[in-house]
Amino acid sequence: MNQVNYQKELEKILDGLQDAGDGFVPTLFLHSCCAPCSSYVLAYLCRYFRICVFYYNPNISASDEYRKRVAEQKRLIASYNEERRGYPIDILEGDYEPGRFFAAARGLEGCPEGGERCTRCFELRLGETARRGAAEGFDYFTTTLSISPLKNAKKLNEIGQKLAEEHGIAWLPSDFKKRDGYKRSVELSAQYGLYRQDYCGCTYSVRGTERQA
């Protein structure tokens with residue numbers, strides 16, 4: 001079976017939007033895991049979409065860490081809007097409800113990073129993004145998560161497409177790490193002085209980081 005090139009799938013959609021030339025600007029409900037990962041994605045896509053960043057990350061176990069990351073997200077968006085990089089970017093902060101993450105991860109606490117616990121986490125965050133995006137009437141939804149070299153783009157896209165069918169909102173395929181996307185996000189993070197964390201946010205990933213130290 002041929003492996004899907006999600007970056008090329010995205011480029012086909014973007015080319016179609018440019019070729020339409022009818023003045024219509026589609027809306028995108030973009031789940032963001034953090035400001036550094038969103039930096040390249042926002043700079044890339046704000047020329048094609050009116051974006052609303054949905055900051056929904058109940059996997060971040062520590063409340064002070066959550067507040068720090070969401071503040072950085074808002075600061076980056078404000079900077080981009082001041083620079084007028086593309087269409088204005090909005091942000092909607094979801095509820096901070098770590099209890100939902102712990103419920104989803106129950107029984108999977110000992111799974112290695114990238115295993116079934118992470119899949120459940122993706123399903124939780126993308127599920128809420130699809131639900132809210134559909135309710136608000138957005139044309140597309142997607143996530144910044146595929147920019148990470150540690151995240152499985154195939155799994156994320158499979159989850160996203162399934163949720164798109166369930167909620168009636170189009171999934172925007174992506175593998176944002178492609179075409180030096182991850183490298184560019186590191187450069188933009190340095191340019192804007194963004195706080196870059198060394199773990200995904202959940203208490204289990206903290207333990208993994210500590211074991212590797």
# chains A, B, ... in the order shown; residues from 1 in each chain; ligands from 1

$ select_by_dssp --residues "range 13-175 of chain A" --states "alpha helix (DSSP H)" --output "ChimeraX atom specification"
/A:13-20,35-45,63-83,98-105,116-135,153-167

$ closest_atom_pairs --of "range 101-164 of chain A" --to "range 181-190 of chain A" --cutoff "10 Å" --atoms "only C-alpha atoms" --output "tab-separated table"
residue	atom	partner	partner_atom	distance
A:Ser146	CA	A:Tyr182	CA	9.4
A:Ile147	CA	A:Tyr182	CA	5.7
A:Ser148	CA	A:Tyr182	CA	6.6
A:Pro149	CA	A:Tyr182	CA	7.6

$ write_last_selection --atoms "all heavy atoms" --output "PDB file, in the first residue's frame"
ATOM      1  N   SER A 146       1.350  17.701  14.090  1.00  0.00           N
ATOM      2  CA  SER A 146       2.151  16.956  13.101  1.00  0.00           C
ATOM      3  C   SER A 146       3.485  17.624  12.793  1.00  0.00           C
ATOM      4  O   SER A 146       4.300  17.061  12.066  1.00  0.00           O
ATOM      5  CB  SER A 146       1.366  16.764  11.800  1.00  0.00           C
ATOM      6  OG  SER A 146       1.233  17.973  11.081  1.00  0.00           O
ATOM      7  N   ILE A 147       3.735  18.800  13.356  1.00  0.00           N
ATOM      8  CA  ILE A 147       5.030  19.437  13.112  1.00  0.00           C
ATOM      9  C   ILE A 147       6.143  18.766  13.917  1.00  0.00           C
ATOM     10  O   ILE A 147       7.322  18.857  13.562  1.00  0.00           O
ATOM     11  CB  ILE A 147       4.983  20.946  13.423  1.00  0.00           C
ATOM     12  CG1 ILE A 147       6.148  21.649  12.716  1.00  0.00           C
ATOM     13  CG2 ILE A 147       5.018  21.211  14.919  1.00  0.00           C
ATOM     14  CD1 ILE A 147       6.038  23.159  12.709  1.00  0.00           C
ATOM     15  N   SER A 148       5.773  18.063  14.966  1.00  0.00           N
ATOM     16  CA  SER A 148       6.784  17.449  15.822  1.00  0.00           C
ATOM     17  C   SER A 148       7.348  16.184  15.196  1.00  0.00           C
ATOM     18  O   SER A 148       6.591  15.302  14.762  1.00  0.00           O
ATOM     19  CB  SER A 148       6.178  17.102  17.184  1.00  0.00           C
ATOM     20  OG  SER A 148       7.078  16.307  17.933  1.00  0.00           O
ATOM     21  N   PRO A 149       8.671  16.037  15.165  1.00  0.00           N
ATOM     22  CA  PRO A 149       9.278  14.792  14.670  1.00  0.00           C
ATOM     23  C   PRO A 149       8.910  13.587  15.538  1.00  0.00           C
ATOM     24  O   PRO A 149       9.073  12.451  15.114  1.00  0.00           O
ATOM     25  CB  PRO A 149      10.778  15.079  14.754  1.00  0.00           C
ATOM     26  CG  PRO A 149      10.901  16.567  14.761  1.00  0.00           C
ATOM     27  CD  PRO A 149       9.689  17.051  15.498  1.00  0.00           C
TER      28      PRO A 149
END

$ closest_residue --among "A:Cys202, A:Tyr44, A:Asn59, A:Pro173" --to "Lys12 in chain A" --atoms "only C-alpha atoms"
A:Pro173

$ closest_residue --among "A:Lys74, A:Ser79, A:Cys52, A:Tyr204" --to "Glu136 in chain A" --atoms "only C-alpha atoms"
A:Cys52

$ residues_around --residues "Glu113 in chain A" --least-positions-apart "4" --cutoff "10 Å" --atoms "only C-alpha atoms" --output "CSV table (one decimal) with N, CA, C and O atoms, in the first residue's frame"
chain,number,residue,atom,x,y,z
A,117,ARG,N,-1.5,5.5,24.9
A,117,ARG,CA,-1.9,6.6,25.7
A,117,ARG,C,-1.9,7.9,24.9
A,117,ARG,O,-2.8,8.7,25.0
A,118,CYS,N,-0.9,8.1,24.0
A,118,CYS,CA,-0.8,9.2,23.2
A,118,CYS,C,-1.9,9.3,22.1
A,118,CYS,O,-2.5,10.3,21.9
A,119,THR,N,-2.3,8.1,21.6
A,119,THR,CA,-3.4,8.0,20.7
A,119,THR,C,-4.7,8.5,21.4
A,119,THR,O,-5.4,9.3,20.8
A,150,LEU,N,8.4,13.8,16.8
A,150,LEU,CA,8.1,12.8,17.7
A,150,LEU,C,6.6,12.3,17.6
A,150,LEU,O,6.2,11.4,18.2
A,151,LYS,N,5.8,13.0,16.7
A,151,LYS,CA,4.4,12.7,16.6
A,151,LYS,C,4.1,12.0,15.3
A,151,LYS,O,4.7,12.3,14.2
A,200,CYS,N,5.8,17.0,26.5
A,200,CYS,CA,4.5,17.3,25.8
A,200,CYS,C,3.5,18.0,26.8
A,200,CYS,O,2.7,18.8,26.4
A,204,TYR,N,3.1,11.9,32.7
A,204,TYR,CA,3.8,10.7,32.2
A,204,TYR,C,5.0,11.0,31.3
A,204,TYR,O,6.1,10.4,31.4
A,205,SER,N,4.9,12.1,30.5
A,205,SER,CA,6.0,12.5,29.7
A,205,SER,C,7.1,13.1,30.5
A,205,SER,O,8.2,13.1,30.1
A,208,GLY,N,9.2,10.4,31.7
A,208,GLY,CA,10.0,9.9,30.6
A,208,GLY,C,11.3,10.8,30.4
A,208,GLY,O,12.4,10.3,30.2

$ residues_around --residues "Leu145 in chain A" --least-positions-apart "4" --cutoff "8 Å" --atoms "only C-alpha atoms" --output "list in words"
Ser32, Cys33, Cys37, Lys151 and Leu156 of chain A

$ residues_around --residues "Thr142 in chain A" --least-positions-apart "5" --cutoff "9 Å" --atoms "only C-alpha atoms" --output "PyMOL selection string"
chain A and resi 28-32+126+129-130+157+160+170-174

$ write_last_selection --atoms "N, CA and C atoms" --output "compact mmCIF listing (two decimals), in the first residue's frame"
# COMPACT_ATOMS: atom_id res chain seq x y z
N LEU A 28 -10.46 28.30 9.26
CA LEU A 28 -9.75 27.14 9.80
C LEU A 28 -9.74 27.20 11.31
N PHE A 29 -10.20 26.12 11.93
CA PHE A 29 -10.16 25.98 13.39
C PHE A 29 -8.93 25.13 13.69
N LEU A 30 -7.89 25.78 14.20
CA LEU A 30 -6.57 25.15 14.33
C LEU A 30 -6.27 24.80 15.77
N HIS A 31 -6.27 23.51 16.08
CA HIS A 31 -5.83 23.11 17.41
C HIS A 31 -4.33 23.36 17.53
N SER A 32 -3.93 24.01 18.60
CA SER A 32 -2.50 24.27 18.83
C SER A 32 -2.08 23.66 20.14
N LEU A 126 -8.33 16.33 19.53
CA LEU A 126 -8.89 16.56 18.20
C LEU A 126 -10.41 16.39 18.19
N THR A 129 -11.79 19.60 19.27
CA THR A 129 -11.59 20.58 18.19
C THR A 129 -12.62 20.39 17.09
N ALA A 130 -12.85 19.16 16.68
CA ALA A 130 -13.85 18.89 15.64
C ALA A 130 -15.24 19.30 16.10
N ASN A 157 -3.58 12.10 11.15
CA ASN A 157 -4.45 12.32 10.00
C ASN A 157 -5.58 11.30 9.95
N GLY A 160 -8.03 12.52 12.54
CA GLY A 160 -8.69 13.73 12.05
C GLY A 160 -9.74 13.44 11.00
N ALA A 170 -14.69 19.58 7.46
CA ALA A 170 -13.58 19.07 6.66
C ALA A 170 -12.27 19.06 7.45
N TRP A 171 -11.53 17.97 7.30
CA TRP A 171 -10.20 17.85 7.91
C TRP A 171 -9.17 18.37 6.93
N LEU A 172 -8.26 19.20 7.41
CA LEU A 172 -7.15 19.69 6.59
C LEU A 172 -5.95 18.78 6.84
N PRO A 173 -5.57 17.95 5.87
CA PRO A 173 -4.45 17.03 6.08
C PRO A 173 -3.14 17.80 6.24
N SER A 174 -2.23 17.21 6.98
CA SER A 174 -0.96 17.92 7.19
C SER A 174 0.13 16.97 7.64

$ residues_around --residues "range 53-55 of chain A" --least-positions-apart "2" --cutoff "10 Å" --atoms "only C-alpha atoms" --output "PyMOL selection string"
chain A and resi 28-35+38+42+50-51+57-58+69-70+73-74+77+89-96+125+128-129+132-133+141-144
